[in-house]
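K.L.:
Coordinates in my_file.cif, mmCIF, C-alpha atoms, are listed below.
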data_run
loop_
_atom_site.group_PDB
_atom_site.id
_atom_site.type_symbol
_atom_site.label_atom_id
_atom_site.label_comp_id
_atom_site.auth_asym_id
_atom_site.auth_seq_id
_atom_site.Cartn_x
_atom_site.Cartn_y
_atom_site.Cartn_z
ATOM 1 C CA MET A 21 142.946 100.518 169.120
ATOM 2 C CA SER A 22 139.548 101.438 170.507
ATOM 3 C CA ALA A 23 138.584 102.948 167.139
ATOM 4 C CA ARG A 24 139.500 99.660 165.457
ATOM 5 C CA ARG A 25 137.412 97.756 167.946
ATOM 6 C CA ALA A 26 134.490 100.101 167.291
ATOM 7 C CA GLY A 27 134.868 99.407 163.553
ATOM 8 C CA PHE A 28 134.676 95.646 164.094
ATOM 9 C CA ALA A 29 131.681 96.141 166.308
ATOM 10 C CA ALA A 30 129.976 98.095 163.532
ATOM 11 C CA LEU A 31 130.691 95.261 161.088
ATOM 12 C CA ARG A 32 129.202 92.753 163.498
ATOM 13 C CA SER A 33 126.065 94.831 163.885
ATOM 14 C CA ARG A 34 122.973 93.181 162.465
ATOM 15 C CA ARG A 35 120.949 96.330 162.272
ATOM 16 C CA GLY A 36 119.171 96.471 158.937
ATOM 17 C CA SER A 37 119.993 92.884 158.010
ATOM 18 C CA ALA A 38 116.316 92.076 157.468
ATOM 19 C CA SER A 39 116.058 94.879 154.946
ATOM 20 C CA ALA A 40 119.226 93.670 153.252
ATOM 21 C CA VAL A 41 117.793 90.162 152.924
ATOM 22 C CA VAL A 42 114.538 91.540 151.540
ATOM 23 C CA VAL A 43 116.391 93.720 149.033
ATOM 24 C CA MET A 44 118.518 90.787 147.901
ATOM 25 C CA VAL A 45 115.512 88.484 147.543
ATOM 26 C CA THR A 46 113.618 91.172 145.618
ATOM 27 C CA VAL A 47 116.526 91.843 143.289
ATOM 28 C CA LEU A 48 117.007 88.118 142.725
ATOM 29 C CA LEU A 49 113.317 87.623 141.928
ATOM 30 C CA ALA A 50 113.316 90.677 139.673
ATOM 31 C CA VAL A 51 116.325 89.358 137.738
ATOM 32 C CA PHE A 52 114.710 85.941 137.311
ATOM 33 C CA GLY A 53 111.424 87.574 136.358
ATOM 34 C CA VAL A 54 113.057 89.706 133.667
ATOM 35 C CA LEU A 55 115.008 86.692 132.399
ATOM 36 C CA ALA A 56 111.792 84.650 132.197
ATOM 37 C CA LEU A 57 110.057 87.490 130.365
ATOM 38 C CA VAL A 58 112.919 87.956 127.873
ATOM 39 C CA SER A 59 113.102 84.226 127.273
ATOM 40 C CA SER A 60 109.328 84.020 126.709
ATOM 41 C CA TYR A 61 109.345 86.943 124.284
ATOM 42 C CA SER A 62 112.247 85.424 122.366
ATOM 43 C CA GLY A 63 110.361 82.149 122.146
ATOM 44 C CA TYR A 64 107.253 83.942 120.952
ATOM 45 C CA LYS A 65 109.166 85.908 118.316
ATOM 46 C CA LEU A 66 110.749 82.713 117.051
ATOM 47 C CA ALA A 67 107.340 81.012 116.950
ATOM 48 C CA GLN A 68 105.979 83.959 114.944
ATOM 49 C CA ARG A 69 108.892 83.804 112.517
ATOM 50 C CA HIS A 70 108.407 80.077 112.095
ATOM 51 C CA ALA A 71 104.682 80.610 111.459
ATOM 52 C CA ALA A 72 105.377 83.356 108.895
ATOM 53 C CA TRP A 73 108.003 81.234 107.124
ATOM 54 C CA THR A 74 105.600 78.278 106.987
ATOM 55 C CA THR A 75 102.790 80.444 105.590
ATOM 56 C CA ASP A 76 105.144 81.841 102.934
ATOM 57 C CA TYR A 77 106.399 78.382 102.031
ATOM 58 C CA TYR A 78 102.904 76.998 101.461
ATOM 59 C CA ALA A 79 101.940 80.138 99.512
ATOM 60 C CA VAL A 80 104.899 79.616 97.155
ATOM 61 C CA ASP A 81 104.075 75.923 96.949
ATOM 62 C CA ALA A 82 100.494 76.836 95.969
ATOM 63 C CA LYS A 83 101.852 79.171 93.271
ATOM 64 C CA ALA A 84 103.976 76.334 91.935
ATOM 65 C CA GLU A 85 100.944 74.028 91.937
ATOM 66 C CA ALA A 86 99.011 76.724 90.049
ATOM 67 C CA ALA A 87 101.813 76.921 87.477
ATOM 68 C CA LEU A 88 101.706 73.133 87.127
ATOM 69 C CA ALA A 89 97.909 73.206 86.709
ATOM 70 C CA ALA A 90 98.210 75.925 84.058
ATOM 71 C CA ILE A 91 100.819 73.938 82.121
ATOM 72 C CA GLU A 92 98.716 70.770 82.379
ATOM 73 C CA GLY A 93 95.724 72.749 81.106
ATOM 74 C CA ASP A 94 97.668 74.147 78.145
ATOM 75 C CA LEU A 95 99.059 70.742 77.270
ATOM 76 C CA ALA A 96 95.599 69.184 77.512
ATOM 77 C CA VAL A 97 94.293 71.738 75.013
ATOM 78 C CA ALA A 98 97.268 71.062 72.705
ATOM 79 C CA ALA A 99 96.743 67.301 72.989
ATOM 80 C CA THR A 100 93.022 67.574 72.336
ATOM 81 C CA THR A 101 93.634 69.780 69.298
ATOM 82 C CA ALA A 102 96.356 67.478 67.967
ATOM 83 C CA GLY A 103 94.361 64.351 68.765
ATOM 84 C CA ASP A 104 97.313 62.637 70.432
ATOM 85 C CA VAL A 105 100.652 63.297 72.159
ATOM 86 C CA SER A 106 102.897 61.549 69.665
ATOM 87 C CA ALA A 107 106.129 62.973 68.293
ATOM 88 C CA THR A 108 104.918 62.740 64.700
ATOM 89 C CA GLY A 109 101.675 64.728 64.960
ATOM 90 C CA GLN A 110 100.912 68.370 65.760
ATOM 91 C CA PHE A 111 101.408 67.987 69.472
ATOM 92 C CA PRO A 112 105.137 68.927 69.648
ATOM 93 C CA THR A 113 104.511 72.210 67.824
ATOM 94 C CA LEU A 114 101.367 73.146 69.749
ATOM 95 C CA ALA A 115 102.837 72.110 73.092
ATOM 96 C CA GLY A 116 106.094 73.956 72.352
ATOM 97 C CA MET A 117 104.196 77.169 71.631
ATOM 98 C CA ALA A 118 102.037 76.800 74.722
ATOM 99 C CA LEU A 119 105.066 76.132 76.945
ATOM 100 C CA ALA A 120 106.956 79.096 75.503
ATOM 101 C CA ASP A 121 104.016 81.339 76.428
ATOM 102 C CA ARG A 122 103.590 79.784 79.855
ATOM 103 C CA VAL A 123 107.249 79.881 80.901
ATOM 104 C CA PRO A 124 108.456 83.463 80.523
ATOM 105 C CA GLU A 125 112.105 84.286 79.875
ATOM 106 C CA GLY A 126 114.067 84.402 83.100
ATOM 107 C CA GLN A 127 111.619 82.291 85.107
ATOM 108 C CA GLY A 128 112.503 78.972 83.566
ATOM 109 C CA THR A 129 113.597 77.055 80.518
ATOM 110 C CA VAL A 130 111.938 74.704 78.063
ATOM 111 C CA LEU A 131 114.139 72.104 76.391
ATOM 112 C CA GLU A 132 112.869 69.922 73.576
ATOM 113 C CA ASP A 133 114.396 66.653 72.469
ATOM 114 C CA GLU A 134 113.200 63.812 70.239
ATOM 115 C CA ARG A 135 111.317 62.133 73.103
ATOM 116 C CA GLY A 136 109.604 65.117 74.675
ATOM 117 C CA PHE A 137 110.023 68.344 76.628
ATOM 118 C CA THR A 138 111.875 69.121 79.832
ATOM 119 C CA VAL A 139 110.530 72.190 81.595
ATOM 120 C CA MET A 140 112.308 73.896 84.498
ATOM 121 C CA ILE A 141 110.416 76.653 86.276
ATOM 122 C CA ASN A 142 111.250 78.858 89.247
ATOM 123 C CA VAL A 143 108.349 80.123 91.308
ATOM 124 C CA GLY A 144 109.185 82.447 94.185
ATOM 125 C CA ASP A 145 108.117 85.285 96.397
ATOM 126 C CA ALA A 146 109.586 88.561 97.621
ATOM 127 C CA ALA A 147 110.703 87.007 100.911
ATOM 128 C CA GLY A 148 113.311 84.936 99.085
ATOM 129 C CA GLN A 149 111.590 81.554 99.021
ATOM 130 C CA LEU A 150 111.679 79.729 95.753
ATOM 131 C CA ILE A 151 110.445 76.443 94.384
ATOM 132 C CA ARG A 152 112.349 74.965 91.474
ATOM 133 C CA MET A 153 110.368 72.359 89.652
ATOM 134 C CA GLU A 154 111.441 70.200 86.794
ATOM 135 C CA LEU A 155 108.735 68.634 84.635
ATOM 136 C CA ARG A 156 108.958 66.101 81.870
ATOM 137 C CA ILE A 157 106.443 65.766 79.064
ATOM 138 C CA ASP A 158 106.977 62.578 77.068
ATOM 139 C CA PHE A 159 105.707 62.009 73.526
ATOM 140 C CA ARG A 160 103.843 58.735 73.271
ATOM 141 C CA THR A 161 101.449 56.926 71.017
ATOM 142 C CA GLY A 162 97.996 55.751 71.997
ATOM 143 C CA PRO A 163 95.281 57.551 73.964
ATOM 144 C CA ILE A 164 95.935 60.876 75.689
ATOM 145 C CA PRO A 165 96.998 60.126 79.283
ATOM 146 C CA GLU A 166 95.247 61.703 82.266
ATOM 147 C CA ARG A 167 98.394 63.573 83.303
ATOM 148 C CA LEU A 168 100.761 64.863 80.676
ATOM 149 C CA CYS A 169 103.469 66.216 82.981
ATOM 150 C CA ARG A 170 105.680 64.048 85.131
ATOM 151 C CA ILE A 171 107.275 65.815 88.077
ATOM 152 C CA VAL A 172 110.990 65.052 87.977
ATOM 153 C CA SER A 173 111.936 67.281 90.908
ATOM 154 C CA TRP A 174 110.239 69.762 93.225
ATOM 155 C CA ARG A 175 112.811 71.566 95.322
ATOM 156 C CA GLN A 176 112.539 74.354 97.812
ATOM 157 C CA TRP A 177 115.310 76.943 97.779
ATOM 158 C CA GLN A 178 115.862 79.609 100.407
ATOM 159 C CA LYS A 179 117.715 82.844 99.738
ATOM 160 C CA PRO A 180 120.913 82.678 101.808
ATOM 161 C CA PHE A 181 121.315 85.062 104.703
ATOM 162 C CA ALA A 182 124.240 86.019 106.896
ATOM 163 C CA TYR A 183 123.923 85.081 110.570
ATOM 164 C CA ASP A 184 126.051 88.086 111.562
ATOM 165 C CA GLU A 185 123.686 90.534 109.917
ATOM 166 C CA ASN A 186 120.493 88.875 111.036
ATOM 167 C CA PRO A 187 120.687 87.327 114.485
ATOM 168 C CA GLY A 188 117.190 85.883 114.204
ATOM 169 C CA ASP A 189 115.265 89.057 114.997
ATOM 170 C CA VAL A 190 114.691 87.974 118.565
ATOM 171 C CA TRP A 191 113.387 90.433 121.105
ATOM 172 C CA GLY A 192 116.093 92.996 121.741
ATOM 173 C CA GLY A 193 114.754 94.262 125.041
ATOM 174 C CA GLU A 194 112.643 97.110 123.676
ATOM 175 C CA SER A 195 108.941 96.942 124.338
ATOM 176 C CA MET B 13 111.687 97.826 175.755
ATOM 177 C CA THR B 14 114.428 95.715 174.251
ATOM 178 C CA ALA B 15 116.964 97.217 171.975
ATOM 179 C CA ARG B 16 118.675 94.835 169.636
ATOM 180 C CA GLY B 17 122.116 94.038 170.884
ATOM 181 C CA GLY B 18 121.198 95.795 174.083
ATOM 182 C CA THR B 19 120.614 94.540 177.558
ATOM 183 C CA THR B 20 117.264 93.648 179.005
ATOM 184 C CA ARG B 21 116.819 95.676 182.075
ATOM 185 C CA GLY B 22 116.916 93.541 185.103
ATOM 186 C CA THR B 23 118.118 90.291 183.496
ATOM 187 C CA GLY B 24 121.434 91.463 182.079
ATOM 188 C CA SER B 25 121.204 89.053 179.111
ATOM 189 C CA THR B 26 122.000 90.110 175.546
ATOM 190 C CA ARG B 27 119.155 89.444 173.031
ATOM 191 C CA GLU B 28 119.783 89.445 169.320
ATOM 192 C CA GLY B 29 117.331 89.272 166.406
ATOM 193 C CA PHE B 30 115.072 91.376 164.248
ATOM 194 C CA THR B 31 112.994 94.098 165.758
ATOM 195 C CA LEU B 32 109.294 94.089 165.131
ATOM 196 C CA THR B 33 109.610 97.248 163.033
ATOM 197 C CA GLU B 34 112.236 95.637 160.814
ATOM 198 C CA LEU B 35 110.102 92.576 160.282
ATOM 199 C CA VAL B 36 106.961 94.563 159.517
ATOM 200 C CA MET B 37 108.823 96.811 157.086
ATOM 201 C CA SER B 38 110.526 93.853 155.402
ATOM 202 C CA ILE B 39 107.288 91.956 154.978
ATOM 203 C CA ALA B 40 105.578 95.062 153.628
ATOM 204 C CA VAL B 41 108.354 95.721 151.100
ATOM 205 C CA LEU B 42 108.421 92.040 150.097
ATOM 206 C CA ALA B 43 104.637 91.993 149.645
ATOM 207 C CA LEU B 44 104.739 95.152 147.550
ATOM 208 C CA ALA B 45 107.571 93.849 145.372
ATOM 209 C CA GLY B 46 105.840 90.466 145.220
ATOM 210 C CA VAL B 47 102.769 91.977 143.605
ATOM 211 C CA PHE B 48 104.839 93.469 140.762
ATOM 212 C CA LEU B 49 107.065 90.433 140.415
ATOM 213 C CA ALA B 50 104.066 88.103 140.278
ATOM 214 C CA GLN B 51 102.761 90.143 137.369
ATOM 215 C CA VAL B 52 106.116 89.832 135.610
ATOM 216 C CA PHE B 53 106.113 86.058 136.057
ATOM 217 C CA LEU B 54 102.490 85.811 134.979
ATOM 218 C CA SER B 55 103.247 87.844 131.837
ATOM 219 C CA ALA B 56 106.171 85.572 131.061
ATOM 220 C CA ASP B 57 103.953 82.527 131.514
ATOM 221 C CA ARG B 58 101.234 84.027 129.311
ATOM 222 C CA VAL B 59 103.696 84.818 126.516
ATOM 223 C CA ALA B 60 105.265 81.353 126.767
ATOM 224 C CA THR B 61 101.791 79.793 126.501
ATOM 225 C CA LYS B 62 101.029 81.916 123.428
ATOM 226 C CA ALA B 63 104.280 80.814 121.796
ATOM 227 C CA SER B 64 103.562 77.179 122.583
ATOM 228 C CA ASP B 65 99.983 77.451 121.235
ATOM 229 C CA LEU B 66 101.229 79.078 118.034
ATOM 230 C CA ASP B 67 103.877 76.392 117.513
ATOM 231 C CA ARG B 68 101.328 73.633 118.018
ATOM 232 C CA ALA B 69 98.812 75.328 115.719
ATOM 233 C CA VAL B 70 101.455 75.617 112.980
ATOM 234 C CA SER B 71 102.382 71.984 113.425
ATOM 235 C CA LEU B 72 98.722 70.906 113.319
ATOM 236 C CA CYS B 73 98.005 72.951 110.174
ATOM 237 C CA THR B 74 101.078 71.772 108.282
ATOM 238 C CA THR B 75 100.305 68.151 109.165
ATOM 239 C CA ALA B 76 96.756 68.595 107.851
ATOM 240 C CA VAL B 77 97.984 70.254 104.644
ATOM 241 C CA ASP B 78 100.667 67.620 104.023
ATOM 242 C CA GLN B 79 98.178 64.787 104.563
ATOM 243 C CA TRP B 80 95.750 66.469 102.166
ATOM 244 C CA LYS B 81 98.450 67.037 99.533
ATOM 245 C CA GLY B 82 99.427 63.378 99.720
ATOM 246 C CA SER B 83 95.849 62.155 99.581
ATOM 247 C CA ASP B 84 94.180 60.491 96.609
ATOM 248 C CA ALA B 85 90.995 62.421 97.385
ATOM 249 C CA PRO B 86 91.766 66.142 97.053
ATOM 250 C CA ARG B 87 88.117 67.156 97.422
ATOM 251 C CA SER B 88 87.560 65.616 100.842
ATOM 252 C CA PHE B 89 89.168 65.388 104.271
ATOM 253 C CA GLN B 90 89.167 61.578 104.326
ATOM 254 C CA ASP B 91 92.963 61.354 104.689
ATOM 255 C CA VAL B 92 93.345 64.322 107.023
ATOM 256 C CA ASP B 93 93.442 62.768 110.497
ATOM 257 C CA MET B 94 92.458 65.902 112.389
ATOM 258 C CA LEU B 95 89.427 66.662 110.208
ATOM 259 C CA ALA B 96 88.355 63.233 108.971
ATOM 260 C CA ASP B 97 85.925 62.737 111.890
ATOM 261 C CA ALA B 98 84.434 66.179 111.349
ATOM 262 C CA GLU B 99 83.655 65.578 107.709
ATOM 263 C CA ALA B 100 80.020 64.771 108.391
ATOM 264 C CA GLN B 101 79.330 68.518 108.434
ATOM 265 C CA SER B 102 80.112 68.818 104.732
ATOM 266 C CA PRO B 103 82.497 67.109 102.302
ATOM 267 C CA THR B 104 84.356 70.357 101.716
ATOM 268 C CA SER B 105 84.022 72.042 105.084
ATOM 269 C CA ALA B 106 84.994 70.612 108.440
ATOM 270 C CA LEU B 107 85.022 71.882 111.999
ATOM 271 C CA GLN B 108 86.825 70.174 114.845
ATOM 272 C CA PHE B 109 87.000 71.136 118.523
ATOM 273 C CA LEU B 110 90.313 70.895 120.348
ATOM 274 C CA ASP B 111 91.234 70.965 124.023
ATOM 275 C CA ALA B 112 94.125 72.915 125.553
ATOM 276 C CA GLY B 113 96.548 70.228 124.365
ATOM 277 C CA MET B 114 95.173 70.535 120.813
ATOM 278 C CA ASN B 115 93.587 67.107 120.905
ATOM 279 C CA PRO B 116 90.070 66.528 119.540
ATOM 280 C CA CYS B 117 87.432 66.866 122.233
ATOM 281 C CA ALA B 118 83.754 67.623 122.821
ATOM 282 C CA GLN B 119 82.517 71.118 122.067
ATOM 283 C CA ALA B 120 81.932 71.863 125.755
ATOM 284 C CA ASP B 121 85.584 71.165 126.688
ATOM 285 C CA ALA B 122 87.060 72.940 123.672
ATOM 286 C CA VAL B 123 89.640 75.697 123.906
ATOM 287 C CA PHE B 124 90.400 75.879 120.189
ATOM 288 C CA THR B 125 88.556 75.206 116.961
ATOM 289 C CA VAL B 126 90.111 74.031 113.722
ATOM 290 C CA THR B 127 88.280 74.710 110.500
ATOM 291 C CA GLY B 128 89.093 73.251 107.116
ATOM 292 C CA THR B 129 87.662 74.400 103.811
ATOM 293 C CA ILE B 130 88.252 72.930 100.358
ATOM 294 C CA ALA B 131 87.412 74.857 97.199
ATOM 295 C CA GLN B 132 87.856 73.991 93.555
ATOM 296 C CA ASP B 133 89.389 76.724 91.396
ATOM 297 C CA GLY B 134 89.683 75.442 87.840
ATOM 298 C CA ASP B 135 92.125 72.556 87.899
ATOM 299 C CA LEU B 136 93.368 73.609 91.300
ATOM 300 C CA ALA B 137 91.981 72.387 94.608
ATOM 301 C CA ARG B 138 92.530 74.843 97.437
ATOM 302 C CA LEU B 139 92.618 74.008 101.136
ATOM 303 C CA SER B 140 92.395 76.501 103.963
ATOM 304 C CA VAL B 141 92.985 75.440 107.574
ATOM 305 C CA THR B 142 92.361 77.844 110.441
ATOM 306 C CA VAL B 143 93.021 77.373 114.137
ATOM 307 C CA ALA B 144 91.148 79.832 116.332
ATOM 308 C CA TYR B 145 90.383 80.340 119.994
ATOM 309 C CA LYS B 146 86.882 79.101 120.696
ATOM 310 C CA LYS B 147 86.256 81.744 123.353
ATOM 311 C CA ASP B 148 86.606 84.871 121.212
ATOM 312 C CA THR B 149 87.075 83.267 117.751
ATOM 313 C CA ALA B 150 90.400 85.100 117.401
ATOM 314 C CA VAL B 151 92.480 83.405 114.716
ATOM 315 C CA LEU B 152 95.646 81.856 116.100
ATOM 316 C CA TYR B 153 97.045 80.595 112.812
ATOM 317 C CA GLU B 154 95.787 80.201 109.271
ATOM 318 C CA ILE B 155 97.353 78.455 106.316
ATOM 319 C CA GLU B 156 96.348 78.105 102.689
ATOM 320 C CA SER B 157 97.535 75.545 100.224
ATOM 321 C CA ALA B 158 96.692 74.301 96.755
ATOM 322 C CA ARG B 159 97.277 71.258 94.615
ATOM 323 C CA PHE B 160 96.679 70.313 91.048
ATOM 324 C CA ALA B 161 93.444 68.348 90.812
ATOM 325 C CA ARG B 162 91.683 68.237 87.505
ATOM 326 C CA ALA B 163 88.149 69.560 87.875
ATOM 327 C CA GLN B 164 86.777 67.060 85.389
ATOM 328 C CA GLU B 165 88.234 63.695 84.485
ATOM 329 C CA ARG B 166 88.999 63.387 80.805
ATOM 330 C CA GLY B 167 86.816 60.787 79.164
#
What is this file in structure tokens?

P.N.:
Amino acid sequence: MSARRAGFAALRSRRGSASAVVVMVTVLLAVFGVLALVSSYSGYKLAQRHAAWTTDYYAVDAKAEAALAAIEGDLAVAATTAGDVSATGQFPTLAGMALADRVPEGQGTVLEDERGFTVMINVGDAAGQLIRMELRIDFRTGPIPERLCRIVSWRQWQKPFAYDENPGDVWGGES
Amino acid sequence: MTARGGTTRGTGSTREGFTLTELVMSIAVLALAGVFLAQVFLSADRVATKASDLDRAVSLCTTAVDQWKGSDAPRSFQDVDMLADAEAQSPTSALQFLDAGMNPCAQADAVFTVTGTIAQDGDLARLSVTVAYKKDTAVLYEIESARFARAQERG
């Protein structure tokens, strides 16, 4: 009985309670500090990924614009040589040859009909971003227009990825 | 003189509380831990600020590029809100000073600089926008874009 009473007395003892409080407060602050740090690093990694994706997107977009400028340039030369962009003159032949050279096999298609050409081109990068553009070149009579290509569609396509395999590349805890 | 939980000689009363040694030790340990923990929190704050700055710089650059791509004047900054006021420097080169919130400000109050450059490359107009820290000119974010813009109008 006296041993039991001594045990209760030991439990009631407040010796070292200040240290216990300090240890608990320190541990609590350390946990919150680490959580804040992990959260900040994750946010920073995501911001970096977003920045890289944006840079890549505009780089691919610039490549697509360059392809458009090249096609416009080729068509302008064909139109100047032919003297017009009508279906009856030399323009369809010259433009068809220029487009065949400009759009390599596997990167797009060139379709010709009685009213003009439809050109579909894929411009992409190694990271898996792609821009699919569809252009229309119409035959017409009269003076050569300022722009020969009409943009029908300009679509961005992203290579699919599995969420399970790529959890966003957030900070995994390693420094 | 007084032991915790003990009896004060002469009075017979029981006094409870922390001893001076406990308090001094606790405060010392807390101060020591506080120094390290403060550094952890400061690091977290610094990284969060960097992430926020990067996000805002990306947003600013993409807005500028999109406004330029949609503009009727591909060889000037007249439709780019952030750089339109800075155009006086040159039609194809602009420099704007930004405060900590990435708003235009006077050079003296600036934390960031945003630079825009337009170049003509054949029938392609190219725009480069760079956001950098004014203090050490370290580049925070840079973006390049291009658009079809015939170098010479056909007569």

K.L.:
When the cut-off is 6 Å and we count only C-alpha atoms, which residues of chain A are near chain B, given as a ChimeraX atom specification?

P.N.:
/A:39,53,56-57,60,64,67,75,78,82,85,89

K.L.:
Provide an axis-aligned box for all listed atoms of stretch 30-44 of chain B, padding each side by 6 Å; report its centre and its edge lengths in Å to one decimal, as AutoDock Vina command-line options.

P.N.:
--center_x 109.9 --center_y 94.3 --center_z 156.7 --size_x 22.4 --size_y 17.9 --size_z 30.2

K.L.:
Can you turn the PyMOL selection byres ((chain B and resi 113) around 9) into a concrete residue list for this file, as a compact mmCIF listing (two decimals) with C-alpha atoms, in the frame of the given file?

P.N.:
# COMPACT_ATOMS: atom_id res chain seq x y z
CA ASP B 65 99.98 77.45 121.24
CA ARG B 68 101.33 73.63 118.02
CA LEU B 110 90.31 70.90 120.35
CA ASP B 111 91.23 70.96 124.02
CA ALA B 112 94.12 72.92 125.55
CA MET B 114 95.17 70.54 120.81
CA ASN B 115 93.59 67.11 120.90
CA PRO B 116 90.07 66.53 119.54
CA VAL B 123 89.64 75.70 123.91

K.L.:
Measuring atom to atom with all atoms listed in the file, identify which of B:Ala144, B:Cys117, B:Phe109, B:Ala85 is nearest to B:Ile130.

P.N.:
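Of B:Ala144, B:Cys117, B:Phe109, B:Ala85, the one nearest B:Ile130, counting all atoms listed in the file, is B:Ala85.
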
K.L.:
Could you pull the residues within 9 Å of A:Val172, counting all atoms listed in the file, minus those fewer than 4 positions along the same chain, as a PyMOL selection string?

P.N.:
chain A and resi 153-156

K.L.:
Would you mind exporting the chosen residues as a PDB file, in the coordinates of the input, restricted to C-alpha atoms?

P.N.:
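The resulting file, result.pdb, is reproduced below:
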ATOM      1  CA  MET A 153     110.368  72.359  89.652  1.00  0.00           C
ATOM      2  CA  GLU A 154     111.441  70.200  86.794  1.00  0.00           C
ATOM      3  CA  LEU A 155     108.735  68.634  84.635  1.00  0.00           C
ATOM      4  CA  ARG A 156     108.958  66.101  81.870  1.00  0.00           C
TER       5      ARG A 156
END

K.L.:
Would you mind reading off the distance between atom CA of A:Val45 and atom CA of A:Arg32, one decimal, in Å?

P.N.:
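We find that atom CA of A:Val45 and atom CA of A:Arg32 lie 21.5 Å from each other.
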
K.L.:
For A:Ala118, list every protein, DNA or RNA residue within 9 Å, evaluated using all atoms listed in the file, and leave out those in the same chain fewer than 4 positions away; present the list as a ChimeraX atom specification.

P.N.:
/A:91,94-95,98,113-114,122-123

K.L.:
Please save C-alpha atoms of the selected residues as a short mmCIF file (atom, residue, chain, number, x, y, z; two decimals), keeping the file's coordinate frame.

P.N.:
data_model
loop_
_atom_site.label_atom_id
_atom_site.label_comp_id
_atom_site.auth_asym_id
_atom_site.auth_seq_id
_atom_site.Cartn_x
_atom_site.Cartn_y
_atom_site.Cartn_z
CA ILE A 91 100.82 73.94 82.12
CA ASP A 94 97.67 74.15 78.14
CA LEU A 95 99.06 70.74 77.27
CA ALA A 98 97.27 71.06 72.70
CA THR A 113 104.51 72.21 67.82
CA LEU A 114 101.37 73.15 69.75
CA ARG A 122 103.59 79.78 79.86
CA VAL A 123 107.25 79.88 80.90
#

K.L.:
Report, in Å to a single decimal, how far apart atom CA of A:Ala120 and atom CA of A:Arg167 are.

P.N.:
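A separation of 19.4 Å between them.
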
K.L.:
Could you work out how far atom CA of A:Glu134 lies from atom CA of A:Thr100, giving the answer in Å with one decimal?

P.N.:
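A separation of 20.6 Å between them.
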
K.L.:
Calculated over only C-alpha atoms, which of the candidates B:Thr125, B:Gln119, B:Ser105, B:Ser83 has the smallest distance to B:Ala150?

P.N.:
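Of B:Thr125, B:Gln119, B:Ser105, B:Ser83, the one nearest B:Ala150, counting only C-alpha atoms, is B:Thr125.
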
K.L.:
For A:Asp133, which residue among A:Pro163, A:Ser62, A:Ile157, A:Gln176 is the nearest when counting all atoms listed in the file?

P.N.:
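Residue with the minimum atom-to-atom distance to A:Asp133: A:Ile157.
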
K.L.:
Pick out the residues sitting within 12 Å of B:Pro103, and hand them over as a list of chain:residue names; count all atoms listed in the file, and ignore anything fewer than 4 positions along from it in its own chain.

P.N.:
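The residues satisfying every condition are B:Ala85, B:Pro86, B:Arg87, B:Ser88, B:Phe89, B:Gln90, B:Leu95, B:Ala96, B:Asp97, B:Ala98, B:Glu99, B:Leu107, B:Gly128, B:Thr129, B:Ile130, B:Ala131.
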
K.L.:
The PyMOL selection byres ((chain A and resi 107) around 10) - which residues does that actually catch in the file I just gave you? List them as a list in words.

P.N.:
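After applying the PyMOL selection byres ((chain A and resi 107) around 10), what remains is Asp104, Val105, Ser106, Thr108, Gly109, Gln110, Phe111, Pro112, Thr113, Asp133, Glu134, Arg135, Gly136, Asp158, Phe159, Arg160 and Thr161 of chain A.
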
K.L.:
Name the residues in contact with A:Asp76 at a cut-off of 10 Å, using only C-alpha atoms, excluding same-chain residues fewer than 6 positions from it; report them as a count of residues only.

P.N.:
11

K.L.:
Using all atoms listed in the file, which residue out of A:Gly103, A:Ala86, A:Arg175, A:Leu131 lies closest to A:Gly116?

P.N.:
A:Leu131

K.L.:
May I ask which of the residues B:Leu32, B:Ala76, B:Ala163, B:Val47 is the closest one to B:Val126, counting all atoms listed in the file?

P.N.:
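Comparing B:Leu32, B:Ala76, B:Ala163, B:Val47 against B:Val126, the winner is B:Ala76.
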
K.L.:
Emit stretch 81-93 of chain B of the structure in the block as a file comprising C-alpha atoms, as a tab-separated table (two decimals), in the first residue's frame.

P.N.:
chain	number	residue	atom	x	y	z
B	81	LYS	CA	0.97	38.68	-80.29
B	82	GLY	CA	-2.53	40.13	-80.46
B	83	SER	CA	-1.32	43.59	-81.39
B	84	ASP	CA	-1.61	45.20	-84.81
B	85	ALA	CA	1.86	46.70	-84.33
B	86	PRO	CA	4.34	43.83	-83.99
B	87	ARG	CA	7.36	46.14	-84.13
B	88	SER	CA	6.46	48.24	-81.11
B	89	PHE	CA	5.27	47.90	-77.52
B	90	GLN	CA	2.25	50.17	-78.00
B	91	ASP	CA	-0.24	47.44	-77.02
B	92	VAL	CA	1.87	45.91	-74.26
B	93	ASP	CA	0.55	47.54	-71.08
